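Shown next: query.txt, given as compact mmCIF, C-alpha atoms.
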# COMPACT_ATOMS: atom_id res chain seq x y z
CA MET A 5 0.00 0.00 0.00
CA LEU A 6 2.82 2.38 0.86
CA THR A 7 4.38 1.68 -2.56
CA LYS A 8 1.16 2.67 -4.31
CA ILE A 9 0.87 5.94 -2.36
CA LEU A 10 4.58 6.73 -2.71
CA THR A 11 4.75 6.26 -6.47
CA GLN A 12 1.26 7.44 -7.46
CA GLY A 13 0.19 9.83 -4.73
CA PRO A 14 -1.45 12.04 -3.75
CA ILE A 15 -4.19 9.50 -4.34
CA PRO A 16 -7.69 9.12 -2.82
CA ARG A 17 -8.64 5.88 -1.07
CA VAL A 18 -11.35 5.28 -3.63
CA GLU A 19 -8.78 5.39 -6.43
CA ILE A 20 -6.49 2.96 -4.60
CA ALA A 21 -9.45 0.63 -4.23
CA ARG A 22 -10.20 0.91 -7.94
CA ARG A 23 -6.61 0.22 -8.98
CA THR A 24 -5.99 -2.63 -6.55
CA GLY A 25 -9.41 -4.31 -6.59
CA LEU A 26 -9.69 -3.99 -2.81
CA SER A 27 -12.74 -2.62 -1.02
CA GLN A 28 -12.54 0.88 0.40
CA ALA A 29 -12.86 -0.62 3.86
CA ALA A 30 -9.83 -2.84 3.21
CA VAL A 31 -7.84 0.14 1.93
CA THR A 32 -8.74 2.19 4.99
CA LYS A 33 -7.68 -0.66 7.27
CA ALA A 34 -4.36 -1.09 5.43
CA VAL A 35 -3.59 2.63 5.45
CA ALA A 36 -4.42 3.23 9.12
CA PRO A 37 -1.08 1.93 10.53
CA LEU A 38 0.84 3.95 7.90
CA ILE A 39 -0.91 7.13 9.05
CA GLU A 40 -0.36 6.21 12.70
CA ALA A 41 3.37 5.65 12.04
CA GLY A 42 3.63 9.00 10.30
CA PHE A 43 4.53 7.70 6.84
CA VAL A 44 1.26 8.82 5.24
CA THR A 45 -1.08 11.73 5.81
CA ASP A 46 -4.47 12.99 4.62
CA GLN A 47 -4.26 16.20 2.63
CA PRO A 48 -7.17 18.04 0.99
CA VAL A 49 -7.10 18.18 -2.80
CA ALA A 50 -8.43 21.76 -2.86
CA GLY A 51 -8.37 24.73 -0.52
CA PRO A 52 -11.23 25.49 1.89
CA ASP A 53 -12.87 27.98 -0.47
CA GLU A 54 -12.63 25.77 -3.57
CA PRO A 55 -15.39 23.33 -4.56
CA VAL A 56 -14.14 19.81 -5.02
CA GLU A 57 -15.58 17.41 -7.56
CA SER A 58 -14.71 13.76 -7.25
CA GLN A 59 -15.97 10.26 -7.53
CA LEU A 60 -17.38 10.73 -4.02
CA GLY A 61 -19.80 13.43 -5.19
CA ILE A 62 -19.86 17.11 -6.14
CA GLY A 63 -18.91 19.42 -3.30
CA ARG A 64 -17.84 16.60 -1.03
CA PRO A 65 -14.15 17.04 -0.14
CA VAL A 66 -11.69 14.29 -0.90
CA SER A 67 -8.67 13.63 1.33
CA PRO A 68 -6.01 12.06 -0.85
CA LEU A 69 -3.27 10.05 0.77
CA THR A 70 0.20 11.54 0.54
CA VAL A 71 3.56 10.25 1.73
CA VAL A 72 5.20 12.38 4.41
CA ALA A 73 8.52 12.95 2.68
CA ASP A 74 10.47 14.04 5.77
CA THR A 75 9.68 10.86 7.70
CA VAL A 76 13.09 9.37 6.88
CA SER A 77 16.37 10.31 5.22
CA VAL A 78 18.46 8.40 2.70
CA ILE A 79 22.01 8.77 1.39
CA GLY A 80 22.96 7.87 -2.19
CA VAL A 81 26.42 7.89 -3.76
CA LYS A 82 27.54 7.45 -7.36
CA VAL A 83 31.10 6.15 -7.79
CA THR A 84 33.18 7.04 -10.84
CA PRO A 85 36.93 6.53 -11.41
CA THR A 86 37.57 10.22 -10.69
CA ASP A 87 34.77 11.39 -8.40
CA LEU A 88 32.28 10.51 -5.70
CA ILE A 89 28.91 12.23 -5.96
CA GLY A 90 26.75 12.02 -2.84
CA VAL A 91 23.23 13.20 -2.04
CA THR A 92 20.81 13.09 0.83
CA THR A 93 17.15 12.55 -0.05
CA ASP A 94 13.80 12.22 1.62
CA LEU A 95 11.39 9.29 1.29
CA THR A 96 10.25 10.52 -2.15
CA ALA A 97 13.85 10.66 -3.46
CA GLY A 98 13.80 14.44 -3.38
CA ILE A 99 17.39 15.67 -3.19
CA ARG A 100 18.10 17.73 -0.06
CA ALA A 101 21.89 18.09 -0.10
CA VAL A 102 24.71 17.38 -2.58
CA ARG A 103 28.43 16.82 -2.07
CA HIS A 104 31.13 16.07 -4.68
CA HIS A 105 34.56 14.69 -3.74
CA GLN A 106 37.41 14.05 -6.16
CA LEU A 107 39.35 10.80 -6.03
CA PRO A 108 43.16 10.67 -6.20
CA ASP A 109 42.94 7.18 -7.74
CA PRO A 110 40.24 4.56 -8.40
CA SER A 111 41.68 1.71 -6.30
CA ALA A 112 39.19 -0.09 -4.08
CA GLU A 113 41.14 0.85 -0.96
CA THR A 114 41.24 4.56 -1.79
CA VAL A 115 37.61 4.71 -2.91
CA THR A 116 36.40 2.90 0.21
CA GLU A 117 38.31 5.31 2.44
CA LYS A 118 36.95 8.35 0.59
CA LEU A 119 33.45 6.88 0.54
CA VAL A 120 33.44 6.56 4.31
CA ALA A 121 34.57 10.19 4.67
CA LEU A 122 31.93 11.47 2.22
CA ILE A 123 29.12 9.45 3.78
CA ARG A 124 30.03 10.60 7.28
CA GLU A 125 29.87 14.18 6.02
CA LEU A 126 26.41 13.51 4.62
CA MET A 127 25.37 11.78 7.86
CA GLU A 128 26.25 14.94 9.76
CA ILE A 129 23.93 16.89 7.46
CA VAL A 130 21.12 14.42 8.13
CA ASP A 131 21.72 14.56 11.90
CA ASP A 132 21.62 18.36 12.02
CA PRO A 133 18.41 19.25 13.93
CA ALA A 134 17.97 22.33 11.74
CA ASN A 135 17.18 20.11 8.76
CA LEU A 136 14.00 18.74 10.37
CA VAL A 137 14.23 15.39 8.62
CA GLY A 138 13.69 11.87 9.87
CA PRO A 139 16.36 9.33 10.74
CA LEU A 140 18.72 7.81 8.22
CA ILE A 141 17.40 4.43 7.04
CA GLY A 142 20.22 3.38 4.76
CA ILE A 143 22.93 4.17 2.26
CA GLY A 144 22.91 3.34 -1.44
CA VAL A 145 26.08 3.11 -3.51
CA ALA A 146 25.95 2.84 -7.32
CA VAL A 147 28.92 1.40 -9.24
CA SER A 148 29.31 0.51 -12.90
CA GLY A 149 29.79 -3.10 -13.97
CA ASP A 150 28.74 -6.52 -12.70
CA VAL A 151 27.41 -6.01 -9.19
CA ASP A 152 26.00 -8.75 -6.95
CA ALA A 153 23.41 -6.58 -5.20
CA ALA A 154 22.19 -9.41 -2.98
CA HIS A 155 25.60 -9.65 -1.31
CA GLY A 156 26.86 -6.13 -1.97
CA VAL A 157 29.87 -7.32 -3.96
CA VAL A 158 31.28 -5.57 -7.03
CA ARG A 159 32.24 -8.66 -9.01
CA ASP A 160 33.73 -6.94 -12.06
CA SER A 161 33.91 -3.21 -12.84
CA PRO A 162 36.23 -2.58 -15.81
CA PHE A 163 35.94 1.21 -15.43
CA MET A 164 37.00 1.06 -11.79
CA GLY A 165 39.48 -1.79 -12.29
CA TRP A 166 37.76 -3.76 -9.51
CA ARG A 167 37.11 -7.47 -9.12
CA ASP A 168 35.32 -9.13 -6.20
CA VAL A 169 35.21 -6.10 -3.90
CA PRO A 170 32.89 -6.70 -0.87
CA LEU A 171 31.92 -3.05 -0.72
CA ALA A 172 28.65 -3.29 1.23
CA ALA A 173 30.13 -5.37 4.05
CA THR A 174 33.14 -3.08 4.39
CA LEU A 175 31.05 0.10 4.47
CA THR A 176 28.44 -1.35 6.83
CA GLU A 177 31.13 -2.40 9.27
CA GLN A 178 32.69 1.06 9.35
CA LEU A 179 29.50 3.16 9.23
CA GLU A 180 27.15 0.91 11.23
CA VAL A 181 24.30 1.73 8.84
CA PRO A 182 22.73 -0.68 6.30
CA VAL A 183 24.33 -0.30 2.86
CA VAL A 184 22.91 -1.34 -0.52
CA VAL A 185 25.40 -1.61 -3.41
CA THR A 186 23.99 -1.89 -6.92
CA ASN A 187 24.78 -1.41 -10.59
CA ASP A 188 24.53 2.29 -11.45
CA VAL A 189 22.28 1.93 -14.51
CA ARG A 190 19.93 -0.39 -12.63
CA ALA A 191 19.75 2.18 -9.84
CA LEU A 192 18.85 4.89 -12.36
CA THR A 193 16.15 2.58 -13.72
CA VAL A 194 14.70 2.08 -10.23
CA ALA A 195 14.50 5.87 -9.82
CA GLU A 196 12.68 6.21 -13.15
CA HIS A 197 10.36 3.34 -12.24
CA TRP A 198 9.33 4.74 -8.86
CA PHE A 199 9.68 8.49 -9.33
CA GLY A 200 10.09 9.26 -13.04
CA VAL A 201 8.83 8.41 -16.51
CA GLY A 202 8.24 4.78 -15.61
CA VAL A 203 5.56 5.40 -12.98
CA ASN A 204 2.73 4.83 -15.46
CA ALA A 205 4.61 2.76 -18.05
CA ASP A 206 3.97 -0.97 -18.47
CA SER A 207 7.52 -1.47 -19.69
CA PHE A 208 10.51 0.73 -20.44
CA ALA A 209 14.26 0.76 -20.81
CA VAL A 210 16.87 3.28 -19.71
CA VAL A 211 19.91 3.48 -22.00
CA THR A 212 22.84 5.51 -20.72
CA ILE A 213 25.53 6.90 -22.99
CA GLY A 214 28.78 8.33 -21.68
CA SER A 215 32.10 6.72 -20.79
CA GLY A 216 30.21 3.46 -21.20
CA VAL A 217 26.89 2.35 -22.69
CA GLY A 218 24.47 0.78 -20.23
CA CYS A 219 20.87 -0.39 -20.21
CA GLY A 220 18.32 -0.95 -17.46
CA LEU A 221 15.06 -2.80 -18.14
CA TYR A 222 11.66 -2.59 -16.48
CA ILE A 223 9.53 -5.50 -17.68
CA ASN A 224 6.50 -7.31 -16.21
CA GLY A 225 6.28 -5.14 -13.14
CA GLU A 226 9.92 -5.27 -12.05
CA VAL A 227 13.37 -3.89 -12.81
CA VAL A 228 15.20 -6.83 -14.37
CA SER A 229 18.22 -8.08 -12.43
CA GLY A 230 18.91 -11.30 -14.32
CA ALA A 231 19.40 -14.78 -12.87
CA HIS A 232 23.08 -14.09 -12.27
CA GLY A 233 22.77 -10.38 -11.48
CA VAL A 234 23.66 -9.32 -15.02
CA SER A 235 21.11 -7.97 -17.50
CA GLY A 236 20.74 -5.25 -20.10
CA GLU A 237 24.43 -5.08 -21.01
CA LEU A 238 23.74 -3.21 -24.22
CA GLY A 239 27.27 -1.81 -24.34
CA HIS A 240 28.70 -5.31 -24.69
CA LEU A 241 26.62 -6.55 -27.60
CA PRO A 242 29.08 -7.56 -30.38
CA LEU A 243 27.88 -5.08 -33.00
CA ALA A 244 31.09 -3.13 -33.64
CA PRO A 245 34.13 -4.02 -35.78
CA GLY A 246 35.90 -7.07 -34.37
CA GLU A 247 39.34 -5.49 -34.33
CA LEU A 248 38.28 -3.01 -31.62
CA VAL A 249 39.08 -4.12 -28.05
CA CYS A 250 36.70 -3.11 -25.27
CA THR A 251 37.61 -2.14 -21.71
CA CYS A 252 36.06 -5.46 -20.68
CA GLY A 253 38.77 -7.27 -22.70
CA ARG A 254 36.43 -8.53 -25.41
CA ARG A 255 36.27 -7.46 -29.04
CA GLY A 256 33.58 -5.70 -31.04
CA CYS A 257 31.48 -4.40 -28.14
CA VAL A 258 29.12 -1.47 -28.77
CA GLU A 259 31.18 0.60 -26.33
CA THR A 260 34.24 0.39 -28.59
CA VAL A 261 32.46 2.72 -31.03
CA ALA A 262 29.64 4.42 -29.15
CA SER A 263 31.10 5.52 -25.81
CA SER A 264 32.40 9.07 -25.40
CA ASP A 265 35.92 7.67 -24.95
CA ALA A 266 35.61 5.75 -28.22
CA ILE A 267 34.30 8.78 -30.10
CA LEU A 268 37.21 10.84 -28.82
CA ALA A 269 39.75 8.17 -29.71
CA ARG A 270 38.33 7.89 -33.23
CA THR A 271 38.38 11.67 -33.72
CA ARG A 272 41.97 11.92 -32.51
CA GLU A 273 42.98 9.17 -34.91
CA THR A 274 41.24 10.51 -38.00
CA THR A 275 42.11 14.18 -37.45
CA GLY A 276 45.70 13.52 -36.42
CA GLN A 277 45.21 15.54 -33.22
CA PRO A 278 46.33 13.27 -30.33
CA ASP A 279 45.91 16.02 -27.71
CA LEU A 280 42.28 16.74 -28.61
CA ASP A 281 39.82 16.51 -25.70
CA LEU A 282 36.15 15.57 -25.91
CA SER A 283 34.91 19.15 -25.90
CA GLY A 284 37.28 19.85 -28.79
CA ALA A 285 35.95 16.86 -30.72
CA ILE A 286 32.38 18.05 -30.14
CA GLU A 287 33.32 21.55 -31.29
CA LEU A 288 34.90 20.16 -34.46
CA ALA A 289 31.81 18.07 -35.20
CA HIS A 290 29.48 21.02 -34.71
CA ALA A 291 31.71 23.03 -37.04
CA GLY A 292 31.24 20.38 -39.72
CA ASP A 293 34.64 18.68 -39.61
CA GLU A 294 34.13 15.50 -41.65
CA HIS A 295 36.39 13.34 -39.48
CA ALA A 296 34.70 14.36 -36.23
CA ARG A 297 31.26 13.98 -37.83
CA GLU A 298 32.21 10.49 -39.00
CA ALA A 299 33.06 9.45 -35.43
CA PHE A 300 29.67 10.60 -34.16
CA ASP A 301 27.81 9.13 -37.15
CA ARG A 302 29.51 5.78 -36.59
CA ALA A 303 28.53 5.89 -32.92
CA GLY A 304 24.94 6.75 -33.81
CA GLY A 305 24.68 3.85 -36.23
CA VAL A 306 25.91 1.31 -33.69
CA ILE A 307 23.72 2.72 -30.91
CA GLY A 308 20.67 2.61 -33.17
CA SER A 309 21.35 -1.01 -34.11
CA ALA A 310 21.84 -1.93 -30.43
CA LEU A 311 18.59 -0.21 -29.48
CA ALA A 312 16.75 -2.10 -32.20
CA ALA A 313 18.19 -5.43 -31.01
CA MET A 314 17.08 -4.70 -27.44
CA VAL A 315 13.61 -3.52 -28.47
CA ASN A 316 13.15 -6.53 -30.77
CA LEU A 317 13.98 -8.86 -27.85
CA VAL A 318 11.99 -7.37 -24.97
CA GLY A 319 9.50 -4.97 -26.58
CA PRO A 320 9.43 -1.97 -24.20
CA GLU A 321 6.94 0.78 -24.95
CA LEU A 322 9.50 3.49 -24.17
CA VAL A 323 13.29 3.87 -24.22
CA VAL A 324 14.78 6.70 -22.17
CA ILE A 325 18.19 7.78 -23.50
CA ALA A 326 20.16 9.32 -20.65
CA GLY A 327 23.63 9.96 -19.30
CA GLU A 328 26.35 12.55 -19.71
CA GLY A 329 26.71 11.70 -23.41
CA VAL A 330 23.22 12.92 -24.34
CA ALA A 331 24.33 16.56 -24.10
CA ASP A 332 25.60 16.08 -27.66
CA TYR A 333 22.71 13.89 -28.76
CA ASP A 334 22.10 16.12 -31.77
CA LEU A 335 25.40 14.98 -33.32
CA TYR A 336 24.27 11.38 -33.72
CA GLU A 337 20.48 11.49 -33.30
CA GLN A 338 19.61 11.28 -37.01
CA ARG A 339 21.96 8.39 -37.71
CA MET A 340 20.81 6.58 -34.56
CA ARG A 341 17.14 6.89 -35.48
CA GLU A 342 17.85 5.75 -39.05
CA ALA A 343 19.67 2.64 -37.79
CA PHE A 344 16.95 1.95 -35.25
CA ALA A 345 14.22 2.20 -37.90
CA ALA A 346 16.21 -0.01 -40.26
CA HIS A 347 16.58 -2.85 -37.74
CA ALA A 348 13.47 -2.63 -35.53
CA PHE A 349 11.12 -5.46 -36.46
CA GLY A 350 7.48 -4.67 -37.23
CA ALA A 351 5.61 -2.85 -34.49
CA ALA A 352 8.77 -2.71 -32.38
CA GLY A 353 9.63 0.34 -34.46
CA ASP A 354 6.77 2.18 -32.73
CA CYS A 355 8.74 2.20 -29.49
CA GLN A 356 9.19 5.80 -28.34
CA LEU A 357 12.78 7.03 -27.98
CA MET A 358 12.94 9.81 -25.37
CA LEU A 359 15.89 12.02 -24.47
CA ARG A 360 16.21 12.67 -20.73
CA SER A 361 19.20 14.62 -19.50
CA HIS A 362 20.79 13.29 -16.34
CA THR A 363 23.51 14.73 -14.14
CA PHE A 364 25.74 12.74 -11.81
CA ASP A 365 23.49 13.97 -8.98
CA ASP A 366 20.68 11.98 -10.64
CA TRP A 367 22.86 8.86 -10.61
CA ALA A 368 23.38 9.33 -6.88
CA ARG A 369 19.64 9.85 -6.45
CA GLY A 370 19.17 6.50 -8.19
CA ALA A 371 21.34 4.87 -5.54
CA ALA A 372 19.11 6.43 -2.88
CA ALA A 373 16.01 5.18 -4.72
CA THR A 374 17.23 1.58 -4.42
CA VAL A 375 17.40 2.06 -0.65
CA ILE A 376 13.88 3.50 -0.58
CA ARG A 377 12.57 0.56 -2.60
CA SER A 378 14.21 -2.00 -0.31
CA TYR A 379 12.97 -0.17 2.79
CA VAL A 380 9.37 0.13 1.61
CA ARG A 381 9.31 -3.52 0.58
CA GLY A 382 10.89 -4.61 3.85
CA GLU A 383 13.81 -6.27 2.11
CA PRO A 384 17.08 -6.99 3.88
CA PRO A 385 19.15 -5.26 5.06
CA LEU A 386 16.54 -2.49 5.31
CA ARG A 387 13.56 -4.18 6.95
CA ARG A 388 10.92 -1.61 7.89

Whole structure given in C-alpha cells:
Amino acid sequence: MLTKILTQGPIPRVEIARRTGLSQAAVTKAVAPLIEAGFVTDQPVAGPDEPVESQLGIGRPVSPLTVVADTVSVIGVKVTPTDLIGVTTDLTAGIRAVRHHQLPDPSAETVTEKLVALIRELMEIVDDPANLVGPLIGIGVAVSGDVDAAHGVVRDSPFMGWRDVPLAATLTEQLEVPVVVTNDVRALTVAEHWFGVGVNADSFAVVTIGSGVGCGLYINGEVVSGAHGVSGELGHLPLAPGELVCTCGRRGCVETVASSDAILARTRETTGQPDLDLSGAIELAHAGDEHAREAFDRAGGVIGSALAAMVNLVGPELVVIAGEGVADYDLYEQRMREAFAAHAFGAAGDCQLMLRSHTFDDWARGAAATVIRSYVRGEPPLRR
C-alpha cells in the first residue's frame, strides 16, 4: 500500500481501491497503521474555499493520501573513477543536499576510504536538527559493472578496475548503517520506475551513454536483475568491428564505437590531433569537420542497431536515453534513429525514444532510490 501511495500519490482511497481491486474498507484498514506511524497523511485536494468534484460526489471534499517525505532520510552515492557524488534525499527521493569529492585514484582501498569520509559528512547533514528530517534508514552506492546486489559485492567493474570487492560489508562495518550496493544503470532505472517516466509505463528501458553504454530494463512489473545479477548489457553486444578491443577485454562491443571515450579516440585518430579533448571533438563536429562527424555518425549507427536489437527482444513501450553523453545527442540522433528504424522489427519500431538529461546527482539519487525501494518492501538489510 505504501508503494502505491509513494509512487502514485497524492491519491484518494477510492482510487487505490479501484486500482488494486480492494474494497474501500480494506484500503482504509491497510492505510491506518501507515498514518499512525507518520509515513502517510491525509491532505485536501483543494483549498477550503474551492469546490471539489470527485468520484465521491460534487462538493464533497476528498482527502487524498500523501507520503510524508520528511519521515526518513536516505544517502545515495555514485562512484566514478575520478569522483564521488553524494546526495541526501527524503522518502520521495527528493534531493536535499549534494556533495562532490574528487578521487586521487580509483583503487578499491582509496575509494572505500573516501566513501566513508563522504558518507560521514552527509550523515552529519542528516543529523543536524535544523534540517527537520527523519532518521537515516540506509545508504545506497551505485557502481558501474557486474554487481552482486544481494551480497553487496562488485564482481567486475572494468571502469574502476575492480574485481570481487565486498563493498557493502566493508562500508556497513565502518559506518554501522545498512548499505545497498547496486549497478549504477539499474539504480537509475529504479529511480525512473518509482519516481520518473516509468511510474505509469507498463515497460521501459533506460539506456545511458557516456564513458560506457548501459541499459536498465523494467519489464513485467519489475526492474530486471537477471538470474546471475547481469542484464541489459547493451554496451557489450558484439555489433562493432571485431578489431576493436573493449575495456572489458572482449572485441567488437558497442562501447568500442559508441562511448564518449571511443568517439574521442576515433576523432583523434582521424584528425591527427592526439591532444584533442572531448569538448574539442564536439566543437569540431558542430563546425562540420568531416572526421569528427564520421566518429559521431559511426557511434549513432551502432547505438541505433543496439537499441533495435534490445527492443526486438523485450519490446518496451518506451526507451529513455540518458547519461552525460546525451548533451551532444544532436550529433548522432539522425543516424541513430535511421539505424533503429532499419533494424526494428514490425511494431517494435513504434517504441518511443525519449531524451532525458541526467547529471551525476541523478545517478546518486538513483542509488538512494534503491534504498527506498528496499525499505518500503521490507527487504534486507533495510527491513521496515

Using only C-alpha atoms, the residue out of A:Trp367, A:Tyr336, A:Phe199, A:Phe163 with shortest distance to Ile9 of chain A is A:Phe199

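For the residues A:Met164, A:Ile39, A:Leu126, A:Val184, ranking by smallest atom-to-atom distance to Glu383 of chain A using all atoms listed in the file places A:Val184 first.
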
Around (20.1, -7.2, -22.7), as given in the file, which residues come within 9 Å? Count only C-alpha atoms and list them as a PyMOL selection string.
chain A and resi 219-221+234-238+241+313-314+317-318

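Counting all atoms listed in the file and comparing A:Pro384, A:Leu335, A:Gly256, A:Asp150, the residue that lies closest to Asp293 of chain A is A:Leu335.
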
task = For a cut-off of 7 Å around (39.2, 1.2, -9.2), file coordinates, pick out all residues using all atoms listed in the file and list them as a PyMOL selection string.
result = chain A and resi 85+110-112+164-166

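Pairwise distance (atom CA of Asp160 of chain A, atom CA of Ser148 of chain A) equals 8.7 Å.
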
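Among the candidates A:Ala372, A:Ile123, A:Ala191, A:Cys355, the one nearest to Phe208 of chain A when counting all atoms listed in the file is A:Cys355.
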
From atom CA of Val151 of chain A to atom CA of Gln178 of chain A the spacing works out at 20.5 Å

Can you complete the atoms of segment 6-32 of chain A to N, CA and C atoms and list them as a CSV table (one decimal), keeping the file's coordinate frame?
chain,number,residue,atom,x,y,z
A,6,LEU,N,1.9,1.2,0.8
A,6,LEU,CA,2.8,2.4,0.9
A,6,LEU,C,3.5,2.6,-0.5
A,7,THR,N,3.8,1.5,-1.2
A,7,THR,CA,4.4,1.7,-2.6
A,7,THR,C,3.4,2.4,-3.5
A,8,LYS,N,2.2,2.0,-3.4
A,8,LYS,CA,1.2,2.7,-4.3
A,8,LYS,C,1.0,4.2,-4.0
A,9,ILE,N,1.0,4.5,-2.7
A,9,ILE,CA,0.9,5.9,-2.4
A,9,ILE,C,2.1,6.7,-2.7
A,10,LEU,N,3.3,6.1,-2.5
A,10,LEU,CA,4.6,6.7,-2.7
A,10,LEU,C,4.8,7.0,-4.2
A,11,THR,N,4.5,6.1,-5.0
A,11,THR,CA,4.8,6.3,-6.5
A,11,THR,C,3.6,6.9,-7.2
A,12,GLN,N,2.4,6.9,-6.7
A,12,GLN,CA,1.3,7.4,-7.5
A,12,GLN,C,0.5,8.5,-6.7
A,13,GLY,N,0.9,8.8,-5.5
A,13,GLY,CA,0.2,9.8,-4.7
A,13,GLY,C,0.5,11.3,-5.1
A,14,PRO,N,-0.3,12.2,-4.6
A,14,PRO,CA,-1.4,12.0,-3.8
A,14,PRO,C,-2.6,11.3,-4.5
A,15,ILE,N,-3.2,10.4,-3.7
A,15,ILE,CA,-4.2,9.5,-4.3
A,15,ILE,C,-5.3,9.2,-3.3
A,16,PRO,N,-6.6,9.4,-3.7
A,16,PRO,CA,-7.7,9.1,-2.8
A,16,PRO,C,-7.8,7.6,-2.5
A,17,ARG,N,-8.4,7.3,-1.4
A,17,ARG,CA,-8.6,5.9,-1.1
A,17,ARG,C,-9.5,5.2,-2.1
A,18,VAL,N,-10.5,5.9,-2.6
A,18,VAL,CA,-11.4,5.3,-3.6
A,18,VAL,C,-10.6,4.9,-4.9
A,19,GLU,N,-9.6,5.7,-5.2
A,19,GLU,CA,-8.8,5.4,-6.4
A,19,GLU,C,-7.8,4.2,-6.2
A,20,ILE,N,-7.3,4.1,-4.9
A,20,ILE,CA,-6.5,3.0,-4.6
A,20,ILE,C,-7.3,1.7,-4.7
A,21,ALA,N,-8.5,1.8,-4.2
A,21,ALA,CA,-9.4,0.6,-4.2
A,21,ALA,C,-9.7,0.2,-5.7
A,22,ARG,N,-9.9,1.2,-6.5
A,22,ARG,CA,-10.2,0.9,-7.9
A,22,ARG,C,-9.0,0.2,-8.6
A,23,ARG,N,-7.8,0.7,-8.3
A,23,ARG,CA,-6.6,0.2,-9.0
A,23,ARG,C,-6.2,-1.1,-8.4
A,24,THR,N,-6.4,-1.4,-7.2
A,24,THR,CA,-6.0,-2.6,-6.6
A,24,THR,C,-7.0,-3.7,-6.5
A,25,GLY,N,-8.3,-3.3,-6.7
A,25,GLY,CA,-9.4,-4.3,-6.6
A,25,GLY,C,-9.8,-4.6,-5.2
A,26,LEU,N,-9.3,-3.8,-4.2
A,26,LEU,CA,-9.7,-4.0,-2.8
A,26,LEU,C,-10.9,-3.1,-2.5
A,27,SER,N,-11.6,-3.5,-1.5
A,27,SER,CA,-12.7,-2.6,-1.0
A,27,SER,C,-12.2,-1.4,-0.3
A,28,GLN,N,-13.0,-0.3,-0.3
A,28,GLN,CA,-12.5,0.9,0.4
A,28,GLN,C,-12.3,0.6,1.9
A,29,ALA,N,-13.1,-0.3,2.5
A,29,ALA,CA,-12.9,-0.6,3.9
A,29,ALA,C,-11.5,-1.3,4.1
A,30,ALA,N,-11.1,-2.2,3.1
A,30,ALA,CA,-9.8,-2.8,3.2
A,30,ALA,C,-8.7,-1.8,3.0
A,31,VAL,N,-8.9,-0.9,2.1
A,31,VAL,CA,-7.8,0.1,1.9
A,31,VAL,C,-7.7,1.0,3.2
A,32,THR,N,-8.8,1.4,3.8
A,32,THR,CA,-8.7,2.2,5.0
A,32,THR,C,-8.0,1.4,6.1
